[in-house]
$ cat structure-v2.txt   # compact mmCIF, C-alpha atoms
# COMPACT_ATOMS: atom_id res chain seq x y z
CA ASP S 931 -15.78 10.81 -11.87
CA GLN S 932 -16.59 11.81 -8.31
CA GLN S 933 -20.12 10.53 -7.75
CA VAL S 934 -20.26 11.65 -4.13
CA LYS S 935 -18.90 15.06 -3.32
CA GLN S 936 -18.32 16.95 -0.09
CA ASN S 937 -17.42 20.44 -1.22
CA SER S 938 -16.27 21.77 2.15
CA PRO S 939 -12.92 20.29 3.24
CA SER S 940 -13.28 21.88 6.66
CA LEU S 941 -15.82 23.43 9.01
CA SER S 942 -15.29 25.19 12.32
CA VAL S 943 -18.10 25.85 14.83
CA GLN S 944 -18.45 26.93 18.44
CA GLU S 945 -19.41 24.45 21.12
CA GLY S 946 -23.17 24.36 21.61
CA ARG S 947 -23.98 25.67 18.12
CA ILE S 948 -25.23 23.67 15.15
CA SER S 949 -22.85 21.96 12.72
CA ILE S 950 -24.15 21.36 9.20
CA LEU S 951 -22.16 19.11 6.90
CA ASN S 952 -23.20 18.82 3.27
CA CYS S 953 -22.92 16.14 0.61
CA ASP S 954 -23.98 16.05 -3.05
CA TYR S 955 -24.28 13.05 -5.33
CA THR S 956 -24.72 12.56 -9.05
CA ASN S 957 -25.79 8.92 -9.43
CA SER S 958 -29.60 8.71 -9.41
CA MET S 959 -29.35 4.98 -8.67
CA PHE S 960 -28.07 5.67 -5.14
CA ASP S 961 -30.81 4.69 -2.70
CA TYR S 962 -29.08 4.44 0.67
CA PHE S 963 -26.86 6.98 2.34
CA LEU S 964 -24.62 6.81 5.38
CA TRP S 965 -22.46 9.15 7.45
CA TYR S 966 -19.24 7.97 9.05
CA LYS S 967 -17.02 9.72 11.58
CA LYS S 968 -13.25 9.22 11.58
CA TYR S 969 -10.54 10.15 14.03
CA PRO S 970 -6.88 10.29 12.90
CA ALA S 971 -5.17 6.89 12.46
CA GLU S 972 -8.41 5.05 13.20
CA GLY S 973 -11.06 3.38 11.06
CA PRO S 974 -14.34 5.19 10.35
CA THR S 975 -17.26 4.46 12.63
CA PHE S 976 -20.88 4.46 11.51
CA LEU S 977 -22.93 7.43 12.62
CA ILE S 978 -26.32 7.51 10.95
CA SER S 979 -27.99 6.43 7.71
CA ILE S 980 -31.05 7.17 5.60
CA SER S 981 -32.95 5.29 2.94
CA SER S 982 -34.20 7.09 -0.15
CA ILE S 983 -37.80 6.41 0.89
CA LYS S 984 -37.31 8.90 3.75
CA ASP S 985 -36.30 12.54 3.82
CA LYS S 986 -35.18 12.72 7.44
CA ASN S 987 -33.67 10.44 10.06
CA GLU S 988 -32.85 11.45 13.59
CA ASP S 989 -30.68 9.84 16.25
CA GLY S 990 -30.03 11.91 19.35
CA ARG S 991 -27.97 14.97 18.43
CA PHE S 992 -27.58 13.80 14.83
CA THR S 993 -30.10 14.32 12.04
CA VAL S 994 -29.64 13.50 8.38
CA PHE S 995 -31.77 15.20 5.73
CA LEU S 996 -32.15 13.90 2.18
CA ASN S 997 -33.35 16.00 -0.75
CA LYS S 998 -33.66 13.55 -3.64
CA SER S 999 -34.66 16.10 -6.24
CA ALA S 1000 -31.52 18.12 -5.50
CA LYS S 1001 -29.39 14.99 -4.97
CA HIS S 1002 -28.24 16.49 -1.70
CA LEU S 1003 -27.96 15.30 1.86
CA SER S 1004 -26.85 17.02 5.00
CA LEU S 1005 -25.87 16.04 8.52
CA HIS S 1006 -26.92 18.31 11.39
CA ILE S 1007 -25.26 18.03 14.79
CA VAL S 1008 -27.02 19.90 17.59
CA PRO S 1009 -25.56 20.90 19.96
CA SER S 1010 -22.00 20.47 18.77
CA GLN S 1011 -19.45 19.23 21.30
CA PRO S 1012 -15.62 19.30 21.21
CA GLY S 1013 -15.61 15.49 21.03
CA ASP S 1014 -17.40 15.78 17.68
CA SER S 1015 -14.19 17.12 16.13
CA ALA S 1016 -13.31 14.55 13.45
CA VAL S 1017 -13.48 13.94 9.72
CA TYR S 1018 -16.99 13.15 8.51
CA PHE S 1019 -17.53 11.08 5.38
CA CYS S 1020 -20.80 10.66 3.54
CA ALA S 1021 -21.27 7.47 1.56
CA ALA S 1022 -23.85 6.18 -0.88
CA SER S 1023 -24.95 2.82 -2.16
CA ALA S 1024 -27.01 1.71 -5.13
CA GLY S 1025 -28.03 -1.41 -3.23
CA GLY S 1026 -28.55 -4.56 -5.24
CA THR S 1027 -27.40 -3.00 -8.50
CA SER S 1028 -23.89 -2.45 -7.13
CA GLY S 1029 -23.28 -5.46 -4.95
CA SER S 1030 -23.45 -3.13 -1.99
CA ARG S 1031 -20.36 -1.13 -2.76
CA LEU S 1032 -20.25 2.11 -0.86
CA THR S 1033 -18.99 5.20 -2.67
CA PHE S 1034 -17.47 7.76 -0.31
CA GLY S 1035 -17.08 11.50 -0.47
CA GLU S 1036 -13.78 13.25 0.23
CA GLY S 1037 -14.61 14.03 3.83
CA THR S 1038 -15.10 17.23 5.85
CA GLN S 1039 -12.92 18.03 8.84
CA LEU S 1040 -15.16 19.36 11.61
CA THR S 1041 -13.56 21.33 14.43
CA VAL S 1042 -15.72 22.25 17.43
CA ASN S 1043 -14.12 24.98 19.51
CA PRO S 1044 -14.74 25.12 23.28
CA ASP F 810 -15.32 -8.74 21.69
CA GLY F 811 -16.26 -8.99 18.02
CA GLY F 812 -14.45 -6.80 15.55
CA ILE F 813 -12.02 -6.38 12.71
CA THR F 814 -8.29 -6.56 13.31
CA GLN F 815 -5.80 -5.08 10.88
CA SER F 816 -2.07 -5.63 11.20
CA PRO F 817 0.44 -4.21 11.24
CA LYS F 818 -0.55 -0.66 12.16
CA TYR F 819 2.50 0.73 10.34
CA LEU F 820 4.33 -0.88 7.42
CA PHE F 821 7.27 0.21 5.30
CA ARG F 822 7.90 -1.03 1.81
CA LYS F 823 11.16 -0.99 -0.11
CA GLU F 824 11.12 -0.40 -3.84
CA GLY F 825 10.31 -3.58 -5.79
CA GLN F 826 9.01 -5.36 -2.72
CA ASN F 827 5.59 -6.97 -2.25
CA VAL F 828 3.96 -6.49 1.13
CA THR F 829 0.85 -8.08 2.61
CA LEU F 830 -1.63 -6.37 4.90
CA SER F 831 -3.61 -8.59 7.21
CA CYS F 832 -7.35 -8.30 7.94
CA GLU F 833 -9.18 -10.68 10.26
CA GLN F 834 -12.79 -10.45 11.45
CA ASN F 835 -14.73 -12.47 14.02
CA LEU F 836 -18.10 -10.91 13.24
CA ASN F 837 -19.14 -13.83 11.02
CA HIS F 838 -19.68 -11.39 8.16
CA ASP F 839 -19.77 -12.74 4.62
CA ALA F 840 -18.60 -9.62 2.79
CA MET F 841 -15.20 -7.96 3.21
CA TYR F 842 -13.69 -4.89 1.58
CA TRP F 843 -10.39 -3.06 1.17
CA TYR F 844 -10.33 0.72 0.86
CA ARG F 845 -7.48 3.14 0.45
CA GLN F 846 -7.48 6.65 1.94
CA ASP F 847 -5.34 9.43 0.52
CA PRO F 848 -5.39 12.97 1.91
CA GLY F 849 -8.31 14.95 0.50
CA GLN F 850 -9.59 12.04 -1.56
CA GLY F 851 -11.86 10.08 0.71
CA LEU F 852 -11.99 6.30 0.60
CA ARG F 853 -11.52 4.43 -2.66
CA LEU F 854 -12.44 0.76 -3.11
CA ILE F 855 -9.60 -1.58 -4.05
CA TYR F 856 -11.15 -5.07 -3.86
CA TYR F 857 -14.15 -6.68 -2.25
CA SER F 858 -15.39 -10.18 -1.57
CA GLN F 859 -19.02 -11.19 -1.04
CA ILE F 860 -18.25 -14.82 -0.20
CA VAL F 861 -15.36 -17.19 0.43
CA ASN F 862 -13.25 -18.03 -2.63
CA ASP F 863 -14.72 -15.15 -4.63
CA PHE F 864 -13.66 -11.52 -4.98
CA GLN F 865 -14.11 -8.60 -7.37
CA LYS F 866 -12.01 -5.63 -8.40
CA GLY F 867 -13.00 -2.25 -7.08
CA ASP F 868 -12.22 1.12 -8.61
CA ILE F 869 -8.43 1.07 -8.11
CA ALA F 870 -7.38 -2.61 -8.19
CA GLU F 871 -4.26 -2.23 -10.32
CA GLY F 872 -1.10 -3.16 -8.43
CA TYR F 873 -3.01 -5.04 -5.72
CA SER F 874 -4.06 -8.64 -5.16
CA VAL F 875 -6.27 -10.39 -2.60
CA SER F 876 -7.35 -13.83 -1.52
CA ARG F 877 -10.38 -15.10 0.42
CA GLU F 878 -9.61 -18.66 1.48
CA LYS F 879 -11.39 -18.30 4.82
CA LYS F 880 -14.47 -16.36 5.83
CA GLU F 881 -12.56 -14.59 8.60
CA SER F 882 -9.58 -13.45 6.57
CA PHE F 883 -9.09 -11.13 3.60
CA PRO F 884 -5.38 -10.25 3.14
CA LEU F 885 -4.31 -7.55 0.69
CA THR F 886 -0.98 -7.73 -1.13
CA VAL F 887 0.50 -4.49 -2.42
CA THR F 888 2.71 -5.55 -5.31
CA SER F 889 5.70 -3.81 -6.84
CA ALA F 890 3.41 -2.83 -9.73
CA GLN F 891 1.66 -0.33 -7.44
CA LYS F 892 3.74 2.77 -8.08
CA ASN F 893 2.20 4.99 -5.43
CA PRO F 894 1.47 2.72 -2.47
CA THR F 895 1.83 5.26 0.33
CA ALA F 896 -1.64 5.55 1.87
CA PHE F 897 -3.82 4.55 4.81
CA TYR F 898 -5.45 1.18 4.09
CA LEU F 899 -8.78 0.25 5.63
CA CYS F 900 -10.42 -3.15 5.77
CA ALA F 901 -14.16 -3.45 6.33
CA SER F 902 -16.81 -6.13 6.60
CA ARG F 903 -20.59 -6.29 6.24
CA ASP F 904 -23.32 -8.63 7.37
CA THR F 905 -25.08 -9.46 4.10
CA GLY F 906 -27.83 -11.34 5.91
CA THR F 907 -29.40 -8.20 7.36
CA GLY F 908 -29.80 -6.37 4.07
CA ASN F 909 -28.00 -3.55 5.83
CA GLU F 910 -25.46 -1.54 3.86
CA LYS F 911 -23.46 -0.63 6.97
CA LEU F 912 -19.74 -1.39 6.89
CA PHE F 913 -17.66 -2.07 9.98
CA PHE F 914 -14.08 -0.88 9.67
CA GLY F 915 -10.78 -1.95 11.16
CA SER F 916 -8.35 0.57 12.61
CA GLY F 917 -6.24 0.74 9.45
CA THR F 918 -2.66 0.20 8.29
CA GLN F 919 -0.42 3.10 7.29
CA LEU F 920 1.86 1.99 4.45
CA SER F 921 4.88 4.08 3.57
CA VAL F 922 7.62 3.67 0.97
CA LEU F 923 11.25 3.76 2.10
$ encode --input "structure-v2.txt" --output "structure tokens"
Amino acid sequence: DQQVKQNSPSLSVQEGRISILNCDYTNSMFDYFLWYKKYPAEGPTFLISISSIKDKNEDGRFTVFLNKSAKHLSLHIVPSQPGDSAVYFCAASAGGTSGSRLTFGEGTQLTVNP
Amino acid sequence: DGGITQSPKYLFRKEGQNVTLSCEQNLNHDAMYWYRQDPGQGLRLIYYSQIVNDFQKGDIAEGYSVSREKKESFPLTVTSAQKNPTAFYLCASRDTGTGNEKLFFGSGTQLSVL
């Protein structure tokens, strides 16, 4: 049962344009969401997060949007840079009810072309 | 520099052999986690520990064992009962005192079967 799903295995965009990565979840108990970025043969690094009490969080070029009614979140990167090329994972937590276990999506490989 | 150290970076296992993956952190984090990454499947939780001398099974604990004798260390043993051990293994930790769900990851260990 895949509770967090990233339906696009890959995404390719031109440098300077917007990258939009999508994530859907099924568990209505999830109340905290995170995005991680991962380069090959390295551990994921934290990018940005959002609590369910918000619908948007922004940090520089990165913005995460949360639509609770649709159980959908997205990560926008503007403008995209070649160094952004990596695998992006979304993750969700049900907080105290789960002992803070993060459930991850399958990941989306983003390629930013110069 | 504070961080999480995983060793070795590459490990080979012979059939019927147990192997142990090391994870050490100097972040003074209480909680530690082991995830497994397979291509196209995202990160799946194997075991986690919220405090010294206590740990819980994750979603795919069969064929694995852990110990948490020290706060800084959370080794994972891949036993001969794990029939498909080839994967990228990631250790993570979290500061439970902040109420923050963010995980910090090590750089991973690639385990392959000979």
$ closest_residue --input "structure-v2.txt" --among "F:Leu885, F:Leu836, F:Val875, F:Ala901" --to "chain S" --atoms "all atoms listed in the file"
F:Ala901
$ closest_atom_pairs --input "structure-v2.txt" --of "chain S" --to "chain F" --cutoff "7 Å" --atoms "only C-alpha atoms" --output "tab-separated table"
residue	atom	partner	partner_atom	distance
S:Ala971	CA	F:Gly917	CA	6.9
S:Glu972	CA	F:Ser916	CA	4.5
S:Gly973	CA	F:Ser916	CA	4.2
S:Pro974	CA	F:Phe914	CA	6.1
S:Thr975	CA	F:Phe914	CA	6.9
S:Ser1030	CA	F:Glu910	CA	6.4
S:Phe1034	CA	F:Leu852	CA	5.7
S:Gly1035	CA	F:Gly851	CA	5.5
S:Glu1036	CA	F:Gly851	CA	3.7
S:Gly1037	CA	F:Gly851	CA	5.7
$ residues_around --input "structure-v2.txt" --residues "stretch 1002-1017 of chain S" --least-positions-apart "4" --cutoff "10 Å" --atoms "all atoms listed in the file" --output "PyMOL selection string"
(chain S and resi 934-936+939-956+963-970+974+977-980+985-998+1036-1044) or (chain F and resi 851)
$ closest_residue --input "structure-v2.txt" --among "F:Thr814, F:Asn837, F:Ser921, F:Gln826" --to "F:Thr888" --atoms "all atoms listed in the file"
F:Gln826
$ closest_residue --input "structure-v2.txt" --among "S:Ser938, S:Ala1000, S:Phe960, S:Ser981" --to "S:Arg1031" --atoms "all atoms listed in the file"
S:Phe960
$ residues_around --input "structure-v2.txt" --residues "F:Gly825" --least-positions-apart "3" --cutoff "9 Å" --atoms "only C-alpha atoms" --output "short mmCIF file (atom, residue, chain, number, x, y, z; two decimals) with C-alpha atoms, in the coordinates of the input"
data_model
loop_
_atom_site.label_atom_id
_atom_site.label_comp_id
_atom_site.auth_asym_id
_atom_site.auth_seq_id
_atom_site.Cartn_x
_atom_site.Cartn_y
_atom_site.Cartn_z
CA ARG F 822 7.90 -1.03 1.81
CA THR F 888 2.71 -5.55 -5.31
CA SER F 889 5.70 -3.81 -6.84
CA ALA F 890 3.41 -2.83 -9.73
#
$ atom_distance --input "structure-v2.txt" --atom1 "atom CA of F:Asn835" --atom2 "atom CA of F:Asn862"
17.6 Å
$ closest_residue --input "structure-v2.txt" --among "F:Val887, F:Ile869, F:Val922, F:Ser882" --to "F:Tyr844" --atoms "all atoms listed in the file"
F:Ile869
$ atom_distance --input "structure-v2.txt" --atom1 "atom CA of S:Ser999" --atom2 "atom CA of S:Ser958"
9.5 Å
$ closest_residue --input "structure-v2.txt" --among "F:Leu830, F:Ile855, F:Leu820, F:Ala870" --to "F:Thr886" --atoms "all atoms listed in the file"
F:Leu830
$ atom_distance --input "structure-v2.txt" --atom1 "atom CA of F:Ile860" --atom2 "atom CA of S:Tyr962"
22.1 Å
$ closest_residue --input "structure-v2.txt" --among "F:Ser902, F:Ser816, F:Gln891, F:Thr829" --to "S:Leu1032" --atoms "all atoms listed in the file"
F:Ser902
